[in-house]
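Source file: protein-v5.csv (CSV, C-alpha atoms and all ligand atoms)
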chain,number,residue,atom,x,y,z
A,325,MET,CA,145.3,130.2,-83.4
A,326,LEU,CA,144.7,131.7,-86.8
A,327,VAL,CA,145.0,135.3,-87.6
A,328,VAL,CA,142.9,136.3,-90.6
A,329,MET,CA,144.1,139.5,-92.3
A,330,ARG,CA,141.8,141.9,-94.0
A,331,HIS,CA,141.5,141.7,-97.8
A,332,GLY,CA,144.4,143.7,-99.2
A,333,ALA,CA,146.2,144.0,-95.9
A,334,ALA,CA,149.7,145.6,-96.4
A,335,GLU,CA,152.9,143.5,-96.3
A,336,ASN,CA,153.9,145.6,-93.3
A,337,ASP,CA,150.8,144.7,-91.4
A,338,ILE,CA,151.4,141.0,-92.0
A,339,ALA,CA,155.1,141.4,-90.9
A,340,ARG,CA,153.9,143.1,-87.7
A,341,VAL,CA,151.6,140.2,-86.9
A,342,VAL,CA,154.4,137.7,-87.4
A,343,GLU,CA,156.7,139.8,-85.2
A,344,ALA,CA,154.1,139.9,-82.4
A,345,ILE,CA,153.6,136.2,-82.5
A,346,GLU,CA,157.3,135.5,-82.4
A,347,ASP,CA,157.6,138.1,-79.6
A,348,MET,CA,155.0,136.0,-77.6
A,349,GLY,CA,157.3,133.0,-78.0
A,350,TYR,CA,155.4,131.1,-80.7
A,351,GLU,CA,156.1,130.4,-84.4
A,352,ALA,CA,154.2,132.2,-87.1
A,353,ARG,CA,153.2,130.6,-90.4
A,354,PRO,CA,151.9,133.1,-93.0
A,355,MET,CA,149.7,131.5,-95.6
A,356,PRO,CA,148.9,133.8,-98.5
A,357,GLY,CA,145.4,132.9,-100.0
A,358,HIS,CA,143.4,134.0,-103.0
A,359,GLN,CA,141.3,136.4,-101.0
A,360,ARG,CA,143.4,137.2,-98.0
A,361,THR,CA,146.4,136.1,-96.0
A,362,THR,CA,146.1,134.2,-92.8
A,363,VAL,CA,148.9,133.8,-90.3
A,364,GLY,CA,148.9,130.6,-88.2
A,365,LEU,CA,150.3,130.5,-84.7
A,366,VAL,CA,151.9,127.3,-83.8
A,367,GLY,CA,153.9,126.0,-80.8
A,368,ASN,CA,151.1,126.5,-78.3
A,369,ASP,CA,149.7,123.7,-76.2
A,370,GLY,CA,146.7,125.6,-74.9
A,371,ARG,CA,144.6,128.6,-75.6
A,372,VAL,CA,146.6,131.7,-76.4
A,373,ASP,CA,145.4,135.2,-75.5
A,374,GLY,CA,144.8,136.8,-78.9
A,375,SER,CA,143.8,140.3,-77.8
A,376,ARG,CA,147.2,141.8,-78.5
A,377,ILE,CA,147.1,140.4,-82.1
A,378,ALA,CA,143.5,141.3,-82.7
A,379,ALA,CA,144.3,145.0,-82.0
A,380,LEU,CA,147.0,145.2,-84.7
A,381,ALA,CA,146.4,147.0,-88.0
A,382,GLY,CA,145.1,144.9,-90.9
A,383,VAL,CA,143.8,142.1,-88.7
A,384,GLN,CA,140.2,141.1,-89.5
A,385,GLU,CA,139.7,138.4,-86.9
A,386,VAL,CA,141.5,135.9,-84.6
A,387,ILE,CA,140.2,132.3,-84.7
A,388,HIS,CA,140.9,129.8,-82.0
A,389,VAL,CA,141.3,126.3,-83.4
A,390,SER,CA,139.3,124.1,-81.0
A,391,LYS,CA,141.0,120.8,-81.9
A,392,PRO,CA,144.3,119.5,-80.4
A,393,TYR,CA,145.6,119.1,-84.0
A,394,LYS,CA,145.9,122.5,-85.7
A,395,GLN,CA,147.5,122.6,-89.2
A,396,VAL,CA,145.8,119.4,-90.3
A,397,SER,CA,142.3,120.7,-89.3
A,398,ARG,CA,139.6,122.1,-91.5
A,399,GLU,CA,139.4,125.0,-89.2
A,400,TRP,CA,142.9,125.9,-90.1
A,401,LYS,CA,142.4,125.3,-93.9
A,402,ALA,CA,138.9,125.0,-95.3
A,403,GLU,CA,139.8,123.8,-98.8
A,404,GLY,CA,141.0,120.2,-99.4
A,405,THR,CA,144.8,119.8,-99.8
A,406,ILE,CA,145.9,118.6,-103.2
A,407,VAL,CA,149.2,116.7,-102.9
A,408,PRO,CA,151.4,116.6,-106.0
A,409,LEU,CA,152.9,113.1,-106.4
A,410,GLY,CA,155.1,113.6,-109.5
A,411,GLY,CA,154.6,113.4,-113.2
A,412,GLY,CA,151.6,115.6,-113.1
A,413,LEU,CA,149.6,113.2,-110.8
A,414,THR,CA,147.9,114.7,-107.8
A,415,ILE,CA,145.8,113.3,-105.0
A,416,GLY,CA,143.0,115.1,-103.1
A,417,GLY,CA,141.3,116.6,-106.1
A,418,ASP,CA,138.7,115.0,-108.4
A,419,GLU,CA,140.9,112.0,-109.3
A,420,VAL,CA,141.0,108.8,-107.3
A,421,VAL,CA,144.5,107.5,-107.3
A,422,VAL,CA,145.0,103.7,-107.3
A,423,MET,CA,148.2,102.4,-105.8
A,424,ALA,CA,148.7,98.7,-106.3
A,425,GLY,CA,151.3,96.0,-106.2
A,426,PRO,CA,152.6,93.2,-104.0
A,427,CYS,CA,153.1,93.5,-100.2
A,428,SER,CA,156.9,93.0,-100.7
A,429,VAL,CA,159.4,93.3,-103.4
A,430,GLU,CA,160.6,89.7,-103.7
A,431,SER,CA,162.6,89.4,-106.9
A,432,GLU,CA,163.1,91.2,-110.2
A,433,PRO,CA,160.7,89.0,-112.2
A,434,GLN,CA,158.1,89.3,-109.5
A,435,ILE,CA,158.1,93.1,-109.2
A,436,LEU,CA,158.3,93.6,-112.9
A,437,ALA,CA,155.4,91.2,-113.5
A,438,ALA,CA,153.4,92.9,-110.8
A,439,ALA,CA,154.2,96.4,-112.1
A,440,ARG,CA,153.3,95.5,-115.7
A,441,ALA,CA,150.0,93.9,-114.6
A,442,VAL,CA,148.8,96.8,-112.4
A,443,ARG,CA,149.9,99.3,-115.1
A,444,GLU,CA,148.0,97.5,-117.7
A,445,SER,CA,144.8,97.6,-115.6
A,446,GLY,CA,145.3,101.3,-115.0
A,447,ALA,CA,147.0,101.8,-111.6
A,448,ALA,CA,148.9,105.1,-111.4
A,449,VAL,CA,151.3,104.1,-108.5
A,450,LEU,CA,153.2,100.9,-107.7
A,451,ARG,CA,153.2,99.8,-104.1
A,452,ALA,CA,155.6,97.3,-102.6
A,453,GLY,CA,157.8,97.2,-99.5
A,454,ALA,CA,161.5,96.8,-99.5
A,455,PHE,CA,161.7,97.2,-95.7
A,456,LYS,CA,159.0,95.0,-94.1
A,457,PRO,CA,157.7,95.3,-90.6
A,458,ARG,CA,156.8,91.7,-89.8
A,459,SER,CA,155.2,90.4,-86.6
A,460,SER,CA,157.7,87.6,-86.4
A,461,PRO,CA,161.5,88.1,-86.7
A,462,TYR,CA,161.7,84.8,-88.6
A,463,SER,CA,159.4,86.0,-91.4
A,464,PHE,CA,160.7,87.5,-94.6
A,465,GLN,CA,162.0,91.0,-93.8
A,466,GLY,CA,162.2,92.4,-97.3
A,467,LEU,CA,165.1,92.8,-99.7
A,468,GLY,CA,166.2,96.2,-98.3
A,469,LEU,CA,168.3,98.4,-100.6
A,470,ARG,CA,168.2,95.8,-103.3
A,471,GLY,CA,164.4,96.0,-103.2
A,472,LEU,CA,164.6,99.8,-103.7
A,473,GLU,CA,166.8,99.2,-106.8
A,474,LEU,CA,164.2,96.8,-108.2
A,475,LEU,CA,161.5,99.4,-107.6
A,476,ALA,CA,163.5,102.0,-109.5
A,477,ARG,CA,163.8,99.5,-112.4
A,478,ALA,CA,160.0,98.9,-112.4
A,479,ARG,CA,159.4,102.7,-112.5
A,480,GLU,CA,161.8,103.1,-115.3
A,481,GLU,CA,160.0,100.4,-117.3
A,482,THR,CA,156.4,101.2,-116.6
A,483,GLY,CA,156.4,104.9,-115.7
A,484,LEU,CA,154.5,104.1,-112.5
A,485,LEU,CA,155.2,106.3,-109.4
A,486,ILE,CA,156.5,104.4,-106.4
A,487,VAL,CA,155.2,104.2,-102.8
A,488,THR,CA,157.3,102.2,-100.4
A,489,GLU,CA,157.7,102.1,-96.6
A,490,ALA,CA,160.4,103.6,-94.5
A,491,MET,CA,160.6,101.7,-91.2
A,492,ASP,CA,163.2,103.7,-89.3
A,493,ALA,CA,165.5,106.7,-89.5
A,494,GLU,CA,168.2,104.8,-91.3
A,495,GLY,CA,166.0,103.4,-94.0
A,496,LEU,CA,164.2,106.8,-94.4
A,497,VAL,CA,167.3,108.2,-96.2
A,498,PRO,CA,167.4,105.8,-99.2
A,499,VAL,CA,163.6,105.5,-99.3
A,500,ALA,CA,163.3,109.3,-99.5
A,501,GLU,CA,165.9,109.4,-102.3
A,502,LEU,CA,164.1,106.8,-104.4
A,503,ALA,CA,160.4,106.8,-103.6
A,504,ASP,CA,157.8,109.3,-105.0
A,505,ILE,CA,155.8,108.7,-101.8
A,506,ILE,CA,157.2,107.5,-98.5
A,507,GLN,CA,154.9,105.2,-96.6
A,508,ILE,CA,154.9,105.2,-92.8
A,509,GLY,CA,153.3,102.0,-91.7
A,510,ALA,CA,150.6,101.3,-89.1
A,511,ARG,CA,153.2,100.1,-86.5
A,512,ASN,CA,155.1,103.3,-86.8
A,513,MET,CA,152.2,105.7,-86.7
A,514,GLN,CA,153.2,106.8,-83.2
A,515,ASN,CA,157.0,106.8,-83.8
A,516,TYR,CA,157.2,110.5,-83.3
A,517,SER,CA,160.9,110.8,-84.1
A,518,LEU,CA,160.4,109.1,-87.4
A,519,LEU,CA,157.4,111.3,-88.1
A,520,ARG,CA,159.5,114.4,-87.5
A,521,ARG,CA,162.1,113.1,-89.9
A,522,ALA,CA,159.4,112.3,-92.4
A,523,GLY,CA,158.4,116.0,-92.1
A,524,ARG,CA,161.8,117.0,-93.3
A,525,ALA,CA,162.2,114.3,-96.0
A,526,GLY,CA,161.0,116.5,-98.9
A,527,LYS,CA,158.6,113.9,-100.3
A,528,PRO,CA,154.9,113.2,-99.8
A,529,ILE,CA,154.1,110.9,-96.9
A,530,LEU,CA,151.5,108.2,-96.8
A,531,LEU,CA,150.6,107.8,-93.2
A,532,LYS,CA,148.8,104.6,-92.2
A,533,ARG,CA,146.4,104.5,-89.3
A,534,GLY,CA,147.9,102.6,-86.3
A,535,LEU,CA,146.7,99.2,-85.3
A,536,SER,CA,144.5,100.5,-82.5
A,537,ALA,CA,144.6,104.2,-83.2
A,538,THR,CA,141.7,106.6,-83.0
A,539,ILE,CA,141.1,109.0,-85.8
A,540,GLN,CA,142.3,111.8,-83.5
A,541,GLU,CA,145.5,110.0,-82.8
A,542,LEU,CA,146.0,109.6,-86.6
A,543,LEU,CA,145.5,113.3,-87.2
A,544,LEU,CA,147.8,114.2,-84.3
A,545,SER,CA,150.5,112.0,-85.9
A,546,ALA,CA,150.0,113.8,-89.2
A,547,GLU,CA,150.3,117.1,-87.3
A,548,TYR,CA,153.9,116.1,-86.4
A,549,ILE,CA,154.7,115.9,-90.1
A,550,LEU,CA,153.1,119.2,-91.0
A,551,ALA,CA,154.7,120.9,-87.9
A,552,GLU,CA,158.1,120.1,-89.5
A,553,GLY,CA,157.1,121.9,-92.6
A,554,ASN,CA,155.9,119.1,-94.9
A,555,PRO,CA,152.2,119.8,-95.9
A,556,HIS,CA,152.1,116.8,-98.3
A,557,VAL,CA,150.5,114.1,-96.1
A,558,ILE,CA,148.1,111.4,-97.4
A,559,LEU,CA,146.3,109.5,-94.6
A,560,CYS,CA,145.4,105.9,-95.0
A,561,GLU,CA,142.6,103.8,-93.4
A,562,ARG,CA,143.8,100.2,-93.2
A,563,GLY,CA,141.5,98.8,-90.5
A,564,VAL,CA,141.9,98.7,-86.8
A,565,ARG,CA,142.1,95.8,-84.3
A,566,GLY,CA,138.6,94.5,-83.6
A,567,PHE,CA,137.3,91.5,-81.6
A,568,ASP,CA,135.9,89.6,-84.6
A,569,THR,CA,138.3,87.1,-86.2
A,570,ALA,CA,136.2,86.9,-89.4
A,571,THR,CA,138.4,89.6,-90.8
A,572,ARG,CA,142.1,90.5,-90.2
A,573,ASN,CA,141.1,94.0,-89.1
A,574,LEU,CA,138.0,96.0,-88.7
A,575,PHE,CA,138.0,98.1,-91.9
A,576,ASP,CA,136.6,101.5,-90.8
A,577,LEU,CA,134.9,102.9,-93.9
A,578,SER,CA,133.4,105.7,-91.8
A,579,ALA,CA,136.9,107.0,-91.1
A,580,ILE,CA,136.9,108.3,-94.7
A,581,THR,CA,134.0,110.7,-94.1
A,582,VAL,CA,135.1,111.5,-90.5
A,583,VAL,CA,138.5,112.5,-91.7
A,584,HIS,CA,137.1,114.5,-94.6
A,585,GLY,CA,135.0,116.4,-92.0
A,586,LEU,CA,137.9,117.1,-89.6
A,587,SER,CA,140.8,117.6,-91.9
A,588,HIS,CA,141.7,119.0,-95.3
A,589,LEU,CA,144.2,116.1,-96.0
A,590,PRO,CA,143.4,113.4,-98.5
A,591,ILE,CA,142.7,109.9,-97.3
A,592,VAL,CA,143.1,106.6,-99.1
A,593,ALA,CA,141.7,103.2,-98.2
A,594,ASP,CA,143.6,100.0,-97.9
A,595,PRO,CA,141.0,97.2,-98.2
A,596,SER,CA,143.8,94.5,-98.4
A,597,HIS,CA,145.0,95.0,-94.8
A,598,GLY,CA,141.6,96.1,-93.8
A,599,THR,CA,140.1,92.7,-94.5
A,600,GLY,CA,142.9,90.2,-94.9
A,601,HIS,CA,141.0,88.1,-97.4
A,602,ARG,CA,141.3,88.6,-101.2
A,603,ASP,CA,137.6,87.9,-101.8
A,604,MET,CA,136.6,90.8,-99.6
A,605,VAL,CA,139.0,93.3,-101.2
A,606,ILE,CA,136.9,94.1,-104.3
A,607,PRO,CA,133.6,94.9,-102.5
A,608,MET,CA,135.4,97.0,-99.9
A,609,ALA,CA,137.4,98.8,-102.6
A,610,ARG,CA,134.1,99.7,-104.4
A,611,ALA,CA,132.6,100.8,-101.1
A,612,ALA,CA,135.7,103.0,-100.3
A,613,VAL,CA,135.4,104.8,-103.7
A,614,ALA,CA,131.7,105.3,-103.1
A,615,ALA,CA,132.5,106.7,-99.6
A,616,GLY,CA,134.8,109.3,-101.2
A,617,ALA,CA,138.2,107.9,-100.6
A,618,ASP,CA,140.8,109.9,-102.5
A,619,GLY,CA,142.7,106.7,-103.5
A,620,LEU,CA,143.1,103.0,-102.9
A,621,LEU,CA,146.1,101.1,-101.7
A,622,VAL,CA,145.7,97.5,-102.9
A,623,GLU,CA,147.9,94.4,-102.8
A,624,VAL,CA,148.2,92.6,-106.1
A,625,HIS,CA,150.7,89.7,-106.7
A,626,PRO,CA,151.4,87.8,-110.0
A,627,THR,CA,151.3,84.5,-108.0
A,628,PRO,CA,149.6,85.2,-104.7
A,629,ASP,CA,149.9,81.6,-103.6
A,630,ARG,CA,153.7,81.9,-103.6
A,631,ALA,CA,153.9,85.4,-102.0
A,632,LEU,CA,156.4,85.8,-99.2
A,633,SER,CA,154.0,88.1,-97.3
A,634,ASP,CA,150.3,88.8,-97.3
A,635,GLY,CA,149.4,86.3,-100.1
A,636,ALA,CA,146.0,85.6,-98.7
A,637,GLN,CA,144.9,89.2,-99.1
A,638,SER,CA,146.7,89.8,-102.5
A,639,LEU,CA,144.5,90.0,-105.6
A,640,TYR,CA,145.3,88.0,-108.7
A,641,PRO,CA,146.0,90.4,-111.6
A,642,GLU,CA,142.6,89.4,-113.2
A,643,GLN,CA,140.8,90.4,-110.0
A,644,PHE,CA,142.6,93.7,-109.9
A,645,ASP,CA,141.5,94.3,-113.4
A,646,GLN,CA,137.9,93.6,-112.4
A,647,MET,CA,138.3,95.9,-109.4
A,648,MET,CA,139.4,98.8,-111.7
A,649,LYS,CA,136.6,98.2,-114.1
A,650,GLU,CA,134.0,98.2,-111.4
A,651,SER,CA,135.5,101.2,-109.6
A,652,ARG,CA,135.4,103.6,-112.6
A,653,PRO,CA,131.6,103.9,-112.9
A,654,ILE,CA,131.4,104.3,-109.1
A,655,ALA,CA,133.8,107.2,-109.2
A,656,ASP,CA,131.9,108.7,-112.2
A,657,ALA,CA,128.6,108.5,-110.2
A,658,ILE,CA,130.0,110.9,-107.5
A,659,GLY,CA,131.7,113.3,-110.0
A,660,ARG,CA,135.2,111.8,-109.8
A,661,LYS,CA,137.5,109.8,-112.0
A,662,ILE,CA,140.0,107.1,-111.5
A,663,ALA,CA,143.4,108.7,-112.3
A,664,GLU,CA,145.2,107.4,-115.4
A,665,PRO,CA,148.8,106.2,-115.2
A,666,ALA,CA,151.5,108.6,-116.3
A,667,GLY,CA,151.9,107.6,-120.0
A,668,VAL,CA,148.2,107.9,-120.6
A,669,ARG,CA,148.0,111.2,-118.8
A,670,ALA,CA,150.8,112.8,-120.8
A,701,LIG,C1,151.8,97.1,-96.0
A,701,LIG,O1,151.3,98.1,-96.6
A,701,LIG,O2,152.3,96.1,-96.5
A,701,LIG,C2,151.9,97.1,-94.5
A,701,LIG,C3,152.8,96.6,-93.8
A,701,LIG,O3,150.8,97.8,-94.0
A,701,LIG,P1,150.4,98.2,-92.5
A,701,LIG,O4,151.5,99.1,-92.0
A,701,LIG,O5,149.1,98.9,-92.6
A,701,LIG,O6,150.3,96.9,-91.7
A,702,MN,MN,151.2,93.9,-96.7
Can you dump the structure from the file as structure tokens?
Amino acid sequence: MLVVMRHGAAENDIARVVEAIEDMGYEARPMPGHQRTTVGLVGNDGRVDGSRIAALAGVQEVIHVSKPYKQVSREWKAEGTIVPLGGGLTIGGDEVVVMAGPCSVESEPQILAAARAVRESGAAVLRAGAFKPRSSPYSFQGLGLRGLELLARAREETGLLIVTEAMDAEGLVPVAELADIIQIGARNMQNYSLLRRAGRAGKPILLKRGLSATIQELLLSAEYILAEGNPHVILCERGVRGFDTATRNLFDLSAITVVHGLSHLPIVADPSHGTGHRDMVIPMARAAVAAGADGLLVEVHPTPDRALSDGAQSLYPEQFDQMMKESRPIADAIGRKIAEPAGVRA
């Protein structure tokens, strides 16, 4: 439920609404706005009787949020959320943020070469996993803490921000310390205890859609993070399990517009995991920008044929450069701009 206060409502009136909500056994979230303050009621699992609140001084109206997710919904907050990422870079506004790099951190020369290449072509954020969720326990599992150190080196040298995955509660601590954005992977989208911890981690969260998750389930998972007090969530469409083996996943472009309709949170597209084949990545990246994605998450490797994970879907640096060049006029055509990397922005 949302309590909309009258324009210019007194602090006292707002305090009385908060008190009444707490008295009813729920939590109150006052949200001061440009025009008026709204007070959100959270902690309910069904419809709440709002008549007592509606009768209080200074209350203009009481709105019942019809969706099962509350704080992530457009009903709760009409204007799009702009998430600050660091170094003046934001996502969710006019700029489309490109996050690029290898699937995994493999070695110092590999991650530095990848970082330099994607920086050179204009990426703003470096992606790479140090903790890797692999289908087989015998596959490369990532460099762990050493991988995080190498990412820090790459950031130092290139100025790129870092997005990297936290796989469990233990890994979340060092990842939250180092990363500018914490990635929660598809396999963990419904790991609710991890989501709650991510909500308390103090960094923006990139939440990937689960392997077979509906959009509603994705939004409910995001709600866990917001419910813990972290409003800085970026959703990610990375394809869902389909029946056709022509692509690794079924890349759901329509999720971008569906999410924009239902939620104020930004959404990025991952055409690498979405398709599984490098030759399909550029066309789908172009399509995602055209569809209004707030960013792209793309795998790029200096030598994809020797990659320890996801080589087949990793772009060669030249292909990434081409992707960037082709994406800029598409962003322009819909009144947006591909975000510049930090050094260029400053
Ligand atoms: C990744 O980004 O490398 C990754 C493991 O992605 P997902 O969780 O979408 O499979
Ligand atoms: Mn990958």
> When the cut-off is 9 Å and you count all atoms listed in the file, which residues lie near ligand LIG 701 (chain A), shown as a PyMOL selection string?
Replying inline: chain A and resi 426-428+451-453+456-458+488-489+507-513+531-535+560-563+594+596-598+621-623+633-634
> Got a sec: who's within 10 Å of Glu335 (chain A), counting only C-alpha atoms, leaving out chain neighbours fewer than 4 positions off, as an MDAnalysis selection string?
Replying inline: chainID A and resid 339:340 361 382
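You can rank A:Gly616, A:Pro607, A:Gly553, A:Gly635 by their closest distance to Ser578 (chain A) using all atoms listed in the file, and at the top of that list sits A:Gly616.
Proximity ranking of A:Gln540, A:Gln359, A:Thr414, A:Thr482 relative to Leu436 (chain A) places A:Thr482 first, based on all atoms listed in the file.
The coordinates place CA of Asp603 (chain A) at 16.5 Å from CA of Ala631 (chain A).
As for CA of Ser445 (chain A) and CA of Leu639 (chain A), they are spaced 12.6 Å apart.
Separating CA of Arg443 (chain A) from CA of Glu419 (chain A) is a distance of 16.6 Å.
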Got a sec: who's within 12 Å of Glu346 (chain A), counting all atoms listed in the file, leaving out chain neighbours fewer than 3 positions off, as a tab-separated table (two decimals) with C-alpha atoms, in the frame of the given file?
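Everything below was put into selection_32.tsv:
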chain	number	residue	atom	x	y	z
A	339	ALA	CA	155.10	141.40	-90.90
A	340	ARG	CA	153.90	143.10	-87.70
A	341	VAL	CA	151.60	140.20	-86.90
A	342	VAL	CA	154.40	137.70	-87.40
A	343	GLU	CA	156.70	139.80	-85.20
A	349	GLY	CA	157.30	133.00	-78.00
A	350	TYR	CA	155.40	131.10	-80.70
A	351	GLU	CA	156.10	130.40	-84.40
A	352	ALA	CA	154.20	132.20	-87.10
A	353	ARG	CA	153.20	130.60	-90.40
A	363	VAL	CA	148.90	133.80	-90.30
A	364	GLY	CA	148.90	130.60	-88.20
A	365	LEU	CA	150.30	130.50	-84.70
A	366	VAL	CA	151.90	127.30	-83.80
A	367	GLY	CA	153.90	126.00	-80.80
A	368	ASN	CA	151.10	126.50	-78.30
A	377	ILE	CA	147.10	140.40	-82.10
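For the point (150.4, 92.0, -116.3), the residues with at least one atom inside 12 Å, counting only C-alpha atoms, are A:Gly425, A:Pro433, A:Gln434, A:Ile435, A:Leu436, A:Ala437, A:Ala438, A:Ala439, A:Arg440, A:Ala441, A:Val442, A:Arg443, A:Glu444, A:Ser445, A:Gly446, A:Ala447, A:Thr482, A:Val624, A:His625, A:Pro626, A:Thr627, A:Tyr640, A:Pro641, A:Glu642, A:Gln643, A:Phe644, A:Asp645.
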